[in-house]
Structures are given as C-alpha cells and as structure tokens.
>>> print(open('work-v4.txt').read())   # compact mmCIF, C-alpha atoms and all ligand atoms
# COMPACT_ATOMS: atom_id res chain seq x y z
CA MET A 1 22.73 16.34 8.89
CA GLN A 2 19.59 16.82 10.87
CA ARG A 3 17.57 13.64 10.99
CA ARG A 4 13.86 14.01 10.73
CA ARG A 5 10.71 11.98 10.37
CA ASP A 6 9.29 11.51 6.91
CA ASP A 7 5.97 12.86 7.97
CA ASP A 8 7.68 16.22 8.28
CA THR A 9 8.34 16.42 4.58
CA SER A 10 7.86 19.68 2.81
CA VAL A 11 8.85 19.99 -0.81
CA THR A 12 8.86 23.07 -2.95
CA ALA A 13 9.42 22.63 -6.65
CA CYS A 14 9.16 24.76 -9.76
CA MET A 15 7.02 23.18 -12.38
CA PRO A 16 8.48 22.71 -15.85
CA GLY A 17 9.09 25.64 -18.06
CA ALA A 18 7.45 28.26 -15.96
CA SER A 19 9.53 29.38 -13.08
CA PRO A 20 6.80 31.46 -11.48
CA THR A 21 4.65 28.36 -11.18
CA ILE A 22 5.45 27.00 -7.80
CA LEU A 23 4.07 23.71 -6.68
CA HIS A 24 4.19 23.79 -2.94
CA LEU A 25 3.60 20.55 -1.14
CA ARG A 26 3.26 20.51 2.55
CA VAL A 27 2.58 16.92 3.13
CA LEU A 28 2.40 13.98 5.43
CA GLY A 29 1.89 15.83 8.62
CA SER A 30 2.74 19.09 10.21
CA GLY A 31 6.40 18.80 11.03
CA SER A 32 8.33 21.82 12.03
CA THR A 33 11.82 20.78 10.96
CA LEU A 34 13.25 21.95 7.67
CA PRO A 35 13.81 18.95 5.46
CA GLY A 36 15.71 18.66 2.23
CA LEU A 37 14.50 21.47 0.03
CA LEU A 38 14.89 21.04 -3.67
CA VAL A 39 14.07 23.49 -6.37
CA VAL A 40 14.16 21.86 -9.78
CA ARG A 41 13.23 23.23 -13.18
CA GLN A 42 11.75 21.21 -15.99
CA LEU A 43 10.81 18.41 -13.71
CA LEU A 44 8.69 16.34 -15.97
CA THR A 45 11.17 16.49 -18.83
CA LEU A 46 13.78 15.21 -16.48
CA ALA A 47 11.52 12.52 -15.14
CA ALA A 48 11.07 11.19 -18.64
CA ALA A 49 14.83 10.77 -18.93
CA ILE A 50 15.18 8.64 -15.82
CA ASP A 51 14.70 4.90 -15.77
CA ALA A 52 12.11 3.52 -13.41
CA ASP A 53 14.70 1.36 -11.68
CA GLU A 54 16.58 4.48 -10.61
CA ILE A 55 13.74 5.36 -8.32
CA VAL A 56 14.82 5.06 -4.75
CA ARG A 57 11.32 5.33 -3.46
CA ARG A 58 7.93 6.59 -4.36
CA ARG A 59 5.54 8.44 -2.21
CA SER A 60 1.95 9.25 -2.73
CA LEU A 61 -0.55 11.21 -0.81
CA TRP A 62 -3.70 13.09 -1.13
CA ASN A 63 -4.82 16.19 0.59
CA GLU A 64 -7.39 18.78 -0.16
CA ALA A 65 -4.88 21.15 -1.71
CA THR A 66 -3.13 18.73 -4.00
CA GLY A 67 -5.57 15.91 -4.61
CA PRO A 68 -3.94 12.60 -5.41
CA LEU A 69 -0.28 13.09 -6.09
CA THR A 70 2.71 10.84 -6.33
CA TRP A 71 6.33 11.73 -6.53
CA ALA A 72 9.48 9.77 -6.91
CA ILE A 73 12.83 10.13 -5.30
CA TYR A 74 15.79 9.29 -7.49
CA ASP A 75 19.34 8.73 -6.44
CA ARG A 76 22.10 11.12 -7.16
CA SER A 77 23.63 9.18 -10.03
CA ALA A 78 20.40 9.72 -11.95
CA LEU A 79 20.50 13.37 -11.02
CA HIS A 80 24.00 13.80 -12.41
CA ARG A 81 23.21 11.87 -15.54
CA VAL A 82 20.06 13.66 -16.57
CA LEU A 83 20.68 17.19 -15.51
CA PRO A 84 22.25 19.28 -18.26
CA SER A 85 24.97 21.44 -16.85
CA ALA A 86 22.96 24.55 -17.68
CA THR A 87 20.23 23.29 -15.42
CA LYS A 88 22.45 22.38 -12.53
CA PRO A 89 22.48 25.83 -10.96
CA ASN A 90 18.75 25.55 -10.66
CA VAL A 91 18.99 22.56 -8.43
CA GLN A 92 19.47 23.47 -4.84
CA SER A 93 19.50 21.05 -2.05
CA ARG A 94 19.81 21.59 1.64
CA GLY A 95 20.08 18.69 3.97
CA GLY A 96 18.90 15.30 2.87
CA VAL A 97 15.63 13.63 2.30
CA GLY A 98 14.29 11.02 4.64
CA HIS A 99 17.08 8.94 6.03
CA MET A 100 19.13 9.21 2.91
CA THR A 101 22.54 10.58 3.58
CA SER A 102 23.04 12.02 0.12
CA SER A 103 22.60 15.74 -0.10
CA GLU A 104 21.82 15.46 -3.79
CA VAL A 105 18.60 13.72 -4.54
CA LEU A 106 15.93 14.57 -7.00
CA ILE A 107 12.26 14.68 -6.21
CA LEU A 108 9.89 14.82 -9.12
CA PRO A 109 6.16 14.96 -8.87
CA GLU A 110 4.44 12.28 -10.89
CA ARG A 111 0.90 13.26 -11.58
CA ASN A 112 0.38 10.59 -14.12
CA ILE A 113 0.13 7.37 -12.20
CA ASP A 114 -3.33 6.42 -13.20
CA ILE A 115 -5.53 3.53 -12.27
CA ALA A 116 -4.64 1.69 -15.49
CA THR A 117 -0.98 1.59 -14.42
CA VAL A 118 -1.98 0.18 -11.05
CA GLN A 119 -4.20 -2.42 -12.67
CA GLU A 120 -1.50 -3.43 -15.14
CA TYR A 121 0.97 -3.95 -12.30
CA TRP A 122 -1.34 -6.28 -10.36
CA ASP A 123 -2.46 -8.08 -13.50
CA ARG A 124 1.16 -8.79 -14.38
CA ARG A 125 1.76 -10.45 -11.04
CA PRO A 126 -1.24 -10.90 -8.75
CA CYS A 127 -0.51 -10.73 -5.06
CA ASN A 128 0.69 -14.06 -3.59
CA ILE A 129 0.55 -15.75 -7.00
CA ARG A 130 3.80 -17.59 -6.22
CA HIS A 131 2.70 -18.89 -2.86
CA SER A 132 2.64 -22.40 -4.37
CA VAL A 133 4.49 -24.37 -7.00
CA ALA A 134 1.41 -26.47 -7.80
CA GLU A 135 -0.51 -25.82 -11.01
CA ILE A 136 -2.18 -22.42 -10.73
CA GLY A 137 -5.89 -22.85 -10.19
CA SER A 138 -5.71 -26.40 -8.84
CA THR A 139 -7.11 -27.33 -5.43
CA GLU A 140 -3.61 -28.07 -4.22
CA TYR A 141 -2.49 -24.65 -5.41
CA PHE A 142 -5.21 -22.80 -3.51
CA ASN A 143 -4.60 -24.85 -0.37
CA ASP A 144 -0.87 -24.13 -0.53
CA VAL A 145 -1.51 -20.41 -1.05
CA GLU A 146 -3.68 -20.29 2.04
CA GLU A 147 -1.27 -22.26 4.15
CA ARG A 148 1.68 -20.09 3.22
CA LYS A 149 -0.22 -16.80 3.55
CA TYR A 150 -1.41 -17.48 7.08
CA PHE A 151 1.94 -18.98 8.02
CA VAL A 152 3.81 -15.81 7.10
CA GLU A 153 0.99 -13.42 8.05
CA PRO A 154 -0.48 -15.20 11.06
CA HIS A 155 -2.17 -12.04 12.34
CA ILE A 156 -4.71 -11.99 9.50
CA PRO A 157 -7.36 -14.42 10.87
CA GLY A 158 -7.31 -12.59 14.21
CA PHE A 159 -7.88 -9.30 12.42
CA ALA A 160 -10.49 -10.42 9.90
CA LEU A 161 -12.39 -12.47 12.52
CA PHE A 162 -13.98 -14.58 9.77
CA GLU A 163 -16.42 -16.40 12.10
CA ARG A 164 -17.88 -13.16 13.38
CA TRP A 165 -19.37 -12.38 9.97
CA ALA A 166 -21.46 -15.53 9.56
CA GLY A 167 -24.81 -14.46 8.10
CA LYS A 168 -23.56 -10.88 7.67
CA ARG A 169 -22.91 -8.86 4.52
CA VAL A 170 -19.20 -8.46 3.86
CA LEU A 171 -17.67 -6.27 1.16
CA GLU A 172 -13.99 -6.82 0.47
CA ILE A 173 -12.10 -4.12 -1.40
CA GLY A 174 -9.20 -5.68 -3.31
CA CYS A 175 -9.58 -9.42 -2.71
CA GLY A 176 -6.49 -10.29 -4.77
CA ILE A 177 -6.54 -14.03 -5.48
CA GLY A 178 -9.09 -14.57 -2.73
CA THR A 179 -7.48 -16.12 0.35
CA ASP A 180 -9.41 -14.05 2.88
CA ALA A 181 -12.39 -14.11 0.51
CA VAL A 182 -12.88 -17.87 0.73
CA ASN A 183 -12.52 -17.74 4.49
CA PHE A 184 -15.29 -15.17 4.83
CA ALA A 185 -17.48 -17.30 2.57
CA ARG A 186 -16.62 -20.56 4.37
CA ALA A 187 -17.55 -18.94 7.66
CA GLY A 188 -21.00 -18.16 6.22
CA ALA A 189 -20.76 -14.51 5.21
CA ASP A 190 -22.76 -13.07 2.35
CA TYR A 191 -19.61 -12.09 0.49
CA THR A 192 -18.97 -9.45 -2.20
CA ALA A 193 -15.61 -8.41 -3.69
CA VAL A 194 -14.47 -5.46 -5.74
CA GLU A 195 -11.08 -6.04 -7.35
CA LEU A 196 -9.23 -3.93 -9.91
CA SER A 197 -7.09 -6.71 -11.33
CA GLU A 198 -8.98 -8.87 -13.78
CA VAL A 199 -6.36 -11.61 -13.55
CA SER A 200 -6.57 -11.70 -9.76
CA LEU A 201 -10.34 -11.68 -9.73
CA ALA A 202 -10.50 -14.53 -12.25
CA LEU A 203 -8.49 -16.62 -9.80
CA THR A 204 -10.78 -15.69 -6.93
CA ARG A 205 -13.81 -16.71 -8.95
CA SER A 206 -12.25 -20.04 -9.85
CA ARG A 207 -11.21 -20.50 -6.22
CA PHE A 208 -14.82 -20.09 -5.09
CA ALA A 209 -15.93 -22.56 -7.77
CA THR A 210 -13.23 -25.04 -6.71
CA PHE A 211 -14.50 -25.06 -3.14
CA GLY A 212 -18.23 -24.82 -3.99
CA LEU A 213 -18.56 -21.36 -2.42
CA THR A 214 -20.73 -18.46 -3.51
CA GLY A 215 -19.93 -14.80 -3.71
CA THR A 216 -20.53 -11.69 -5.81
CA PHE A 217 -17.59 -10.27 -7.73
CA TYR A 218 -16.96 -6.98 -9.47
CA ASN A 219 -13.95 -6.17 -11.57
CA ALA A 220 -13.88 -2.46 -10.77
CA ASN A 221 -12.01 0.45 -9.26
CA ALA A 222 -12.92 0.88 -5.60
CA GLU A 223 -12.54 4.64 -6.01
CA GLN A 224 -15.85 4.33 -7.86
CA LEU A 225 -17.47 1.60 -5.80
CA THR A 226 -20.97 2.93 -6.07
CA ALA A 227 -20.82 2.70 -9.85
CA VAL A 228 -21.05 -1.08 -9.48
CA ILE A 229 -22.34 -1.80 -5.98
CA GLU A 230 -26.04 -1.41 -5.62
CA GLN A 231 -26.32 -2.88 -2.16
CA GLN A 232 -25.71 -0.18 0.45
CA ASN A 233 -25.96 -2.05 3.70
CA PHE A 234 -22.74 -3.93 4.33
CA ASP A 235 -22.04 -4.98 7.90
CA LEU A 236 -18.32 -5.14 7.23
CA VAL A 237 -16.12 -3.37 4.71
CA TYR A 238 -12.78 -5.14 4.75
CA SER A 239 -9.64 -4.28 2.85
CA PHE A 240 -6.24 -5.79 3.51
CA GLY A 241 -3.25 -4.08 1.97
CA VAL A 242 -5.10 -2.39 -0.87
CA ILE A 243 -6.05 1.23 -0.30
CA HIS A 244 -2.43 2.42 -0.07
CA HIS A 245 -1.92 1.22 -3.67
CA THR A 246 -4.61 3.30 -5.36
CA PRO A 247 -4.14 6.85 -6.70
CA ASN A 248 -7.07 8.43 -4.87
CA GLN A 249 -7.11 6.79 -1.46
CA ARG A 250 -9.59 9.17 0.12
CA ALA A 251 -12.12 8.38 -2.62
CA VAL A 252 -12.14 4.72 -1.57
CA LEU A 253 -13.07 5.69 1.98
CA GLU A 254 -15.74 8.11 0.80
CA GLN A 255 -17.24 5.36 -1.31
CA ALA A 256 -16.96 2.79 1.47
CA ARG A 257 -18.92 5.09 3.77
CA ARG A 258 -21.72 5.19 1.22
CA VAL A 259 -22.16 1.42 1.15
CA ILE A 260 -21.68 0.53 4.82
CA ARG A 261 -24.48 0.40 7.38
CA ASP A 262 -24.44 3.11 10.01
CA ASP A 263 -23.72 0.43 12.60
CA GLY A 264 -21.28 -1.44 10.36
CA GLU A 265 -17.55 -1.86 10.80
CA LEU A 266 -14.54 -0.96 8.71
CA ARG A 267 -11.43 -3.15 8.96
CA ILE A 268 -8.49 -2.09 6.85
CA MET A 269 -4.78 -2.73 6.74
CA LEU A 270 -2.48 0.05 5.58
CA TYR A 271 1.30 0.01 5.41
CA ALA A 272 2.91 1.72 8.39
CA GLN A 273 5.50 4.39 7.85
CA ASN A 274 6.98 3.98 11.29
CA SER A 275 8.06 0.42 10.63
CA TRP A 276 11.04 -1.88 10.43
CA LYS A 277 10.25 -2.57 6.78
CA ALA A 278 10.10 1.14 5.86
CA ILE A 279 13.51 1.60 7.47
CA MET A 280 14.87 -1.30 5.43
CA ILE A 281 13.30 0.03 2.21
CA GLU A 282 14.85 3.42 2.76
CA ALA A 283 18.21 1.87 3.40
CA GLY A 284 17.96 -0.12 0.18
CA PHE A 285 17.60 -3.54 1.81
CA ASP A 286 13.96 -4.15 0.87
CA GLN A 287 11.08 -3.10 -1.39
CA PRO A 288 7.37 -2.75 -0.65
CA GLU A 289 6.15 -5.63 -2.81
CA ALA A 290 7.52 -8.93 -4.10
CA GLN A 291 7.42 -7.51 -7.62
CA THR A 292 9.60 -4.44 -8.20
CA GLY A 293 8.22 -1.17 -9.51
CA CYS A 294 5.01 -0.99 -7.47
CA PRO A 295 3.47 2.23 -8.86
CA ILE A 296 2.00 3.44 -5.57
CA ALA A 297 2.58 2.30 -2.00
CA THR A 298 1.75 5.00 0.51
CA LEU A 299 3.12 4.45 4.00
CA TYR A 300 0.83 5.76 6.72
CA THR A 301 1.42 7.46 10.01
CA ARG A 302 -1.36 7.50 12.57
CA GLU A 303 -2.02 11.15 11.74
CA MET A 304 -2.39 10.31 8.04
CA ILE A 305 -4.87 7.56 8.94
CA ASP A 306 -6.97 10.04 10.88
CA ASN A 307 -6.87 12.39 7.88
CA LEU A 308 -7.83 9.62 5.52
CA LEU A 309 -10.89 8.70 7.57
CA HIS A 310 -11.75 12.22 8.68
CA GLY A 311 -15.47 12.91 8.81
CA LEU A 312 -16.30 9.42 7.55
CA PHE A 313 -15.12 6.88 10.11
CA ARG A 314 -13.91 7.01 13.72
CA VAL A 315 -10.95 4.78 14.57
CA THR A 316 -11.76 2.37 17.40
CA SER A 317 -8.52 0.44 17.25
CA ALA A 318 -5.17 0.97 15.50
CA GLU A 319 -2.42 -1.55 16.05
CA GLN A 320 0.79 -2.38 14.30
CA ALA A 321 1.71 -5.97 13.46
CA HIS A 322 4.00 -8.02 11.28
CA ILE A 323 7.70 -7.95 10.80
CA PHE A 324 8.64 -10.49 8.14
CA PRO A 325 11.44 -12.43 9.81
CA TYR A 326 12.56 -14.87 7.10
CA ARG A 327 15.56 -14.83 4.78
CA ILE A 328 14.22 -13.82 1.37
CA ASP A 329 16.68 -15.96 -0.59
CA LYS A 330 15.29 -19.04 1.21
CA TYR A 331 11.68 -17.86 1.33
CA ILE A 332 11.43 -17.70 -2.44
CA ARG A 333 12.52 -21.37 -2.40
CA TYR A 334 9.74 -22.16 0.11
CA GLU A 335 12.18 -22.53 2.97
CA TYR A 336 11.65 -20.63 6.18
CA GLU A 337 14.86 -19.66 7.91
CA VAL A 338 14.57 -16.77 10.33
CA GLU A 339 17.16 -14.03 9.82
CA ARG A 340 19.85 -14.47 12.44
CA TRP A 341 19.22 -11.10 14.09
CA PHE A 342 15.58 -12.05 14.67
CA ALA A 343 16.43 -15.64 15.58
CA ALA A 344 18.60 -14.33 18.38
CA MET A 345 15.68 -12.45 19.94
CA PRO A 346 13.46 -13.93 22.62
CA PRO A 347 9.91 -14.21 21.14
CA ASP A 348 8.56 -11.57 23.53
CA MET A 349 11.19 -9.14 22.37
CA PHE A 350 10.28 -9.77 18.72
CA LYS A 351 6.59 -9.26 19.53
CA ALA A 352 7.39 -5.96 21.22
CA LEU A 353 9.24 -4.88 18.08
CA GLU A 354 6.26 -5.85 15.91
CA ARG A 355 3.88 -3.82 18.07
CA ARG A 356 5.99 -0.69 17.60
CA LEU A 357 7.49 -1.26 14.16
CA GLY A 358 5.13 -3.67 12.42
CA TRP A 359 4.55 -3.10 8.68
CA HIS A 360 0.81 -3.62 8.90
CA TYR A 361 -1.33 -0.91 10.47
CA LEU A 362 -4.49 -2.79 11.44
CA ILE A 363 -7.33 -0.28 11.65
CA VAL A 364 -10.81 -0.91 12.96
CA ALA A 365 -13.24 1.98 12.59
CA GLU A 366 -16.91 2.77 12.91
CA PRO A 367 -18.91 4.95 10.53
CA ILE A 368 -19.64 8.49 11.62
C1 LIG B 1 -1.23 -6.28 -2.08
S1 LIG B 1 -2.64 -6.88 -2.96
C2 LIG B 1 -3.65 -7.44 -1.63
C3 LIG B 1 -4.67 -8.46 -2.05
C4 LIG B 1 -5.44 -9.13 -0.92
N1 LIG B 1 -6.18 -8.18 -0.12
C5 LIG B 1 -4.51 -9.92 -0.05
O1 LIG B 1 -4.34 -9.60 1.12
O2 LIG B 1 -3.92 -10.88 -0.56
C6 LIG B 1 -3.42 -5.37 -3.49
C7 LIG B 1 -4.65 -5.60 -4.34
O3 LIG B 1 -5.38 -4.38 -4.38
C8 LIG B 1 -5.99 -4.28 -5.65
N2 LIG B 1 -6.31 -2.88 -5.88
C9 LIG B 1 -5.47 -1.82 -5.96
N3 LIG B 1 -6.14 -0.70 -6.20
C10 LIG B 1 -7.45 -1.03 -6.28
C11 LIG B 1 -8.64 -0.29 -6.53
N4 LIG B 1 -8.61 1.03 -6.74
N5 LIG B 1 -9.81 -0.95 -6.56
C12 LIG B 1 -9.86 -2.28 -6.35
N6 LIG B 1 -8.77 -3.04 -6.10
C13 LIG B 1 -7.57 -2.41 -6.07
C14 LIG B 1 -4.91 -4.84 -6.57
O4 LIG B 1 -5.42 -5.19 -7.83
C15 LIG B 1 -4.38 -6.01 -5.76
O5 LIG B 1 -5.07 -7.19 -6.06
>>> encode(input="work-v4.txt", output="structure tokens")
Amino acid sequence: MQRRRDDDTSVTACMPGASPTILHLRVLGSGSTLPGLLVVRQLLTLAAAIDADEIVRRRSLWNEATGPLTWAIYDRSALHRVLPSATKPNVQSRGGVGHMTSSEVLILPERNIDIATVQEYWDRRPCNIRHSVAEIGSTEYFNDVEERKYFVEPHIPGFALFERWAGKRVLEIGCGIGTDAVNFARAGADYTAVELSEVSLALTRSRFATFGLTGTFYNANAEQLTAVIEQQNFDLVYSFGVIHHTPNQRAVLEQARRVIRDDGELRIMLYAQNSWKAIMIEAGFDQPEAQTGCPIATLYTREMIDNLLHGLFRVTSAEQAHIFPYRIDKYIRYEYEVERWFAAMPPDMFKALERRLGWHYLIVAEPI
C-alpha cells in the first residue's frame, strides 16, 4: 500500500439517496498522491447506525468550497455490520486511508456537529478539571491545577509571556478553567475571556474571586466574538488549544482580526498533524483529549495554518512543542513515570523530537 501524508486526502462520496449528487472534498492541502477513495451511498443513514465509539478518528476542516465540515472514519467492523449486502457493491475502496492498513474503512461526512455539541462536551468535563484531587473550587484545588498544568506543559509560560502583557489589553479565546487567565491577570494585564463552556467559565470566575483578581468574562461562542465584545483594541489575542475544537475555525480568526489592534499580536496553539501524538492516535494508542468522544479536533499542517490565517494575520513564528512523555496509567494517579522509550533518550534527543513532532503548534502572528 502506498503510504501518504494525511494532508493529501481527497475524498469523493455520493450523498444519500441521490447518486448524481457528488460531494467532492479536496482537503487538507494539495497532495498529488491518490489516497483511499471511497464511494458510499446513503451515508447519513449509515452514520446513524454506527456507534460513536466505533469512530477511529474524526477530521474537520473548512475551506471556501465546503465551509465547516467534519467527517468520521470508522473501522471495518462497523462497515461490515451496518452495510446491507445490497449496498456493499456501492462501496469501493482503493488503498487505505491515512496510516490505517485496512483497505475497508468508511468515511462519512458529518455536517451536524454544531456548537451546542461542542459546548456540551466541554461542560461535561472541563479541560484539566481532574488536575487535582482537592475540593473543586478551593484554593488548594486551583493551586494544584496550576502546578500540574505547567509541570506537564512547561512550554506554556514561555509562549504566553505573561509578564509582557502588564498594563496591556489581553483577550483570551477559550480560557477553560482559567490557569493561563489568572497568570495574565496576576502579571497586570487588563484581561478579558470568551469561553463557550458555562461550567468552565464559572470555575474561572470563582478562581479570579479566590485570588482577588479582576477580569471580564463572556460565556459565548468565539465564532461570534463581536456579538459580545465591544472593545476593539486588544494588544494580545491569545488562545491555547481551542480553535481546533470549534466547527467554524476560520470565523474565529476573522472575528479576532476585528477586535485586535493593528499593531497587536496573535498567539495561538493548534494541534499539529505532523506529530508523535497524531501518529499514536492513528495507531490506536492515544486519543486527542482526556475525555473520549471529542466532537472536533482538527490537526493542522503548516499549510493549513497559513490558510486559516490567510488575509488576516501574518505568521511571525511557528514552532512545534510538547510530547507528553508520561505513562497514562500512572499519570491519572498523579504519578509521573516517563515511558521507558522516552526515558532511554538523552534530553537533547527528546527535545529534538519535540521540535519536529510536538503536538502543540505554537503560532505567533501579526495582523495584516
Ligand atoms: C482544550 S480546552 C483548552 C482550555 C484552555 N485554553 C487551557 O489551555 O486549559 C478547549 C476550550 O475551548 C473552548 N471552546 C471551544 N470552542 C469554543 C468557541 N467556539 N468559543 C469559545 N470557547 C470555545 C472549550 O469550551 C474549552 O474550554
């Protein structure tokens, strides 16, 4: 089987019921290799018959032709189970998809992942909520969360540069439970957050109150930032691990451009497609988030980043960082044992791996 990069994906699929209706997706780059090509009838009917946990991975993208679009890749057992024999001849597959070795996988477009589904997911389990065993909302809890977050993601302070924004106006898109938020505020920033998850934002508010900090908070969808944000002169728009989770990712950037000063700075982290973690996810050893079933998690190539920012922001720095090196079974018990294959590496070798295959694409950009 010819191996190819995922950014060379091209999928052609017949939409349900109407064979002449062809949905042609040429996505994630301009690859020239021929990837797995699947033609499937009655896609959405089939999708309804497949359990969410049979999804091998989900992809989402936007481009001018398709708008926001997500599709799911299911494994072949699901394919065999749900496809009536009469439909089977309509399924053709050449090659494989991604790094999957199966020649029988099913790709179904999912147009219906809406913002409410994303919100419900993050409300059910806010990001980093289990970073402490102390009582949620207590001072000890918030201190533990911060300690653990910057222990396992030590690159964050160096990326956010909290001290630099003293006296400046900072807008954070997707503050989660507010770890970076309190550090911007502590450093003296005039801090504003927009967060989709009500549960997460409530914790950020109480975190600010706990530490006697002030900020402005909006429970809103960043795709519609300007519906809630009146101020249009932010020095920094910061967003760490958020934009790749929303259905219309380009809309967030368009809105961010409208509220940032012309001489402001954009600092965002997006998941990197060319990463150790993506390889592990595809091989079934990992998942994008601690909680299963993340509705949308787009993995970005550098080309996709340029497309996302096109005409709005100019990238001034794009670096990869962060390979999570700990054993998960121990990590969830608050123990930190480095996986033996990473433990065997000299630190410089591990750092080199992170620079090329880190999960976090750290993007700094200036408004155009
Ligand atoms: C992986 S968490 C990251 C949270 C935080 N930035 C951090 O580093 O801990 C993703 C967050 O993005 C928020 N989010 C997703 N889509 C959003 C949107 N369209 N508008 C605002 N927040 C959004 C989620 O509610 C969630 O809290």
>>> closest_atom_pairs(input="work-v4.txt", of="chain A", to="ligand LIG 1 (chain B)", cutoff="8 Å", atoms="all atoms listed in the file", output="Markdown table")
| residue | atom | partner | partner_atom | distance |
| --- | --- | --- | --- | --- |
| A:Ile115 | CA | B:LIG1 | N4 | 6.8 |
| A:Val118 | CA | B:LIG1 | N3 | 6.5 |
| A:Gln119 | CA | B:LIG1 | O4 | 5.7 |
| A:Tyr121 | CA | B:LIG1 | O4 | 7.9 |
| A:Trp122 | CA | B:LIG1 | O4 | 4.9 |
| A:Asp123 | CA | B:LIG1 | O4 | 7.0 |
| A:Pro126 | CA | B:LIG1 | O5 | 6.0 |
| A:Cys127 | CA | B:LIG1 | S1 | 4.9 |
| A:Asn128 | CA | B:LIG1 | O2 | 6.4 |
| A:Glu172 | CA | B:LIG1 | N1 | 7.9 |
| A:Ile173 | CA | B:LIG1 | C12 | 5.7 |
| A:Gly174 | CA | B:LIG1 | N6 | 3.9 |
| A:Cys175 | CA | B:LIG1 | N1 | 4.5 |
| A:Gly176 | CA | B:LIG1 | O5 | 3.6 |
| A:Ile177 | CA | B:LIG1 | O2 | 6.4 |
| A:Gly178 | CA | B:LIG1 | O2 | 6.7 |
| A:Thr179 | CA | B:LIG1 | O2 | 6.4 |
| A:Asp180 | CA | B:LIG1 | O1 | 7.0 |
| A:Val194 | CA | B:LIG1 | C12 | 5.6 |
| A:Glu195 | CA | B:LIG1 | N6 | 4.0 |
| A:Leu196 | CA | B:LIG1 | N6 | 3.9 |
| A:Ser197 | CA | B:LIG1 | O4 | 4.2 |
| A:Glu198 | CA | B:LIG1 | O4 | 7.8 |
| A:Ser200 | CA | B:LIG1 | O5 | 6.0 |
| A:Leu201 | CA | B:LIG1 | O5 | 7.8 |
| A:Asn219 | CA | B:LIG1 | C12 | 7.7 |
| A:Ala220 | CA | B:LIG1 | C12 | 6.0 |
| A:Asn221 | CA | B:LIG1 | N5 | 3.8 |
| A:Ala222 | CA | B:LIG1 | N5 | 3.7 |
| A:Glu223 | CA | B:LIG1 | N4 | 5.4 |
| A:Ser239 | CA | B:LIG1 | N1 | 6.0 |
| A:Phe240 | CA | B:LIG1 | N1 | 4.3 |
| A:Gly241 | CA | B:LIG1 | C2 | 4.9 |
| A:Val242 | CA | B:LIG1 | O3 | 4.0 |
| A:Ile243 | CA | B:LIG1 | N3 | 6.2 |
| A:His244 | CA | B:LIG1 | N3 | 7.8 |
| A:His245 | CA | B:LIG1 | C9 | 5.2 |
| A:Thr246 | CA | B:LIG1 | N3 | 4.4 |
| A:Pro247 | CA | B:LIG1 | N4 | 7.3 |
| A:Asn248 | CA | B:LIG1 | N4 | 7.8 |
| A:Gln249 | CA | B:LIG1 | N4 | 8.0 |
| A:Val252 | CA | B:LIG1 | N4 | 7.3 |
| A:Glu289 | CA | B:LIG1 | C1 | 7.4 |
>>> residues_around(input="work-v4.txt", residues="A:Arg169", least_positions_apart="6", cutoff="7 Å", atoms="all atoms listed in the file", output="mmCIF file with C-alpha atoms, keeping the file's coordinate frame")
data_model
loop_
_atom_site.group_PDB
_atom_site.id
_atom_site.type_symbol
_atom_site.label_atom_id
_atom_site.label_comp_id
_atom_site.auth_asym_id
_atom_site.auth_seq_id
_atom_site.Cartn_x
_atom_site.Cartn_y
_atom_site.Cartn_z
ATOM 1 C CA ALA A 189 -20.760 -14.510 5.210
ATOM 2 C CA ASP A 190 -22.760 -13.070 2.350
ATOM 3 C CA TYR A 191 -19.610 -12.090 0.490
ATOM 4 C CA PHE A 234 -22.740 -3.930 4.330
ATOM 5 C CA ASP A 235 -22.040 -4.980 7.900
ATOM 6 C CA LEU A 236 -18.320 -5.140 7.230
#
>>> closest_residue(input="work-v4.txt", among="A:Tyr150, A:Val237, A:Thr204, A:Phe142", to="A:Trp165", atoms="all atoms listed in the file")
A:Val237
>>> atom_distance(input="work-v4.txt", atom1="atom CA of A:Gly167", atom2="atom CA of A:Ile368")
23.8 Å
>>> atom_distance(input="work-v4.txt", atom1="atom CA of A:Val315", atom2="atom CA of A:Leu353")
22.7 Å
>>> residues_around(input="work-v4.txt", residues="stretch 339-348 of chain A", least_positions_apart="3", cutoff="10 Å", atoms="only C-alpha atoms", output="list in words")
Ile323, Phe324, Pro325, Tyr326, Arg327, Ile328, Tyr336, Lys351, Ala352, Leu353 and Glu354 of chain A
>>> axis_aligned_box(input="work-v4.txt", around="stretch 252-262 of chain A", padding_each_side="6 Å", output="JSON")
{"center_x": -18.3, "center_y": 4.3, "center_z": 4.2, "size_x": 24.3, "size_y": 19.7, "size_z": 23.6}
>>> atom_distance(input="work-v4.txt", atom1="atom CA of A:Gly284", atom2="atom CA of A:Ala318")
27.8 Å
>>> closest_residue(input="work-v4.txt", among="A:Phe184, A:Phe285, A:Tyr271, A:Tyr334", to="A:Phe162", atoms="all atoms listed in the file")
A:Phe184
>>> closest_residue(input="work-v4.txt", among="A:Leu309, A:Ile363, A:Met349, A:Ile332", to="A:Ile268", atoms="only C-alpha atoms")
A:Ile363
>>> residues_around(input="work-v4.txt", residues="A:Thr316", least_positions_apart="4", cutoff="8 Å", atoms="all atoms listed in the file", output="count of residues only")
4
>>> closest_residue(input="work-v4.txt", among="A:Gln255, A:Leu357, A:Lys330, A:Gly311", to="A:Gln273", atoms="only C-alpha atoms")
A:Leu357
>>> closest_residue(input="work-v4.txt", among="A:Gly188, A:Gln287, A:Leu270, A:Trp359", to="A:Ile305", atoms="only C-alpha atoms")
A:Leu270
>>> decode(input="work-v4.txt", residues="stretch 122-154 of chain A", atoms="C-alpha atoms", output="short mmCIF file (atom, residue, chain, number, x, y, z; two decimals), in the first residue's frame")
data_model
loop_
_atom_site.label_atom_id
_atom_site.label_comp_id
_atom_site.auth_asym_id
_atom_site.auth_seq_id
_atom_site.Cartn_x
_atom_site.Cartn_y
_atom_site.Cartn_z
CA TRP A 122 -16.65 20.74 27.46
CA ASP A 123 -19.38 21.34 30.02
CA ARG A 124 -19.45 17.62 30.81
CA ARG A 125 -15.75 17.62 31.57
CA PRO A 126 -13.95 20.96 31.53
CA CYS A 127 -10.35 20.86 30.42
CA ASN A 128 -7.91 19.96 33.24
CA ILE A 129 -10.77 19.55 35.73
CA ARG A 130 -9.03 16.49 37.21
CA HIS A 131 -5.67 18.15 37.67
CA SER A 132 -6.24 18.00 41.44
CA VAL A 133 -7.95 15.75 43.95
CA ALA A 134 -8.70 18.68 46.27
CA GLU A 135 -12.23 20.02 46.51
CA ILE A 136 -13.10 21.68 43.21
CA GLY A 137 -13.09 25.44 43.60
CA SER A 138 -10.88 25.52 46.70
CA THR A 139 -7.63 27.48 46.79
CA GLU A 140 -5.71 24.24 47.09
CA TYR A 141 -7.52 22.90 44.05
CA PHE A 142 -6.62 25.88 41.87
CA ASN A 143 -3.01 25.83 43.05
CA ASP A 144 -2.72 22.11 42.27
CA VAL A 145 -4.26 22.62 38.82
CA GLU A 146 -1.70 25.28 38.01
CA GLU A 147 1.21 23.28 39.31
CA ARG A 148 0.26 20.19 37.35
CA LYS A 149 -0.57 22.08 34.14
CA TYR A 150 2.77 23.86 33.97
CA PHE A 151 4.61 20.73 35.08
CA VAL A 152 3.24 18.69 32.17
CA GLU A 153 3.07 21.61 29.71
CA PRO A 154 6.16 23.58 30.73
#
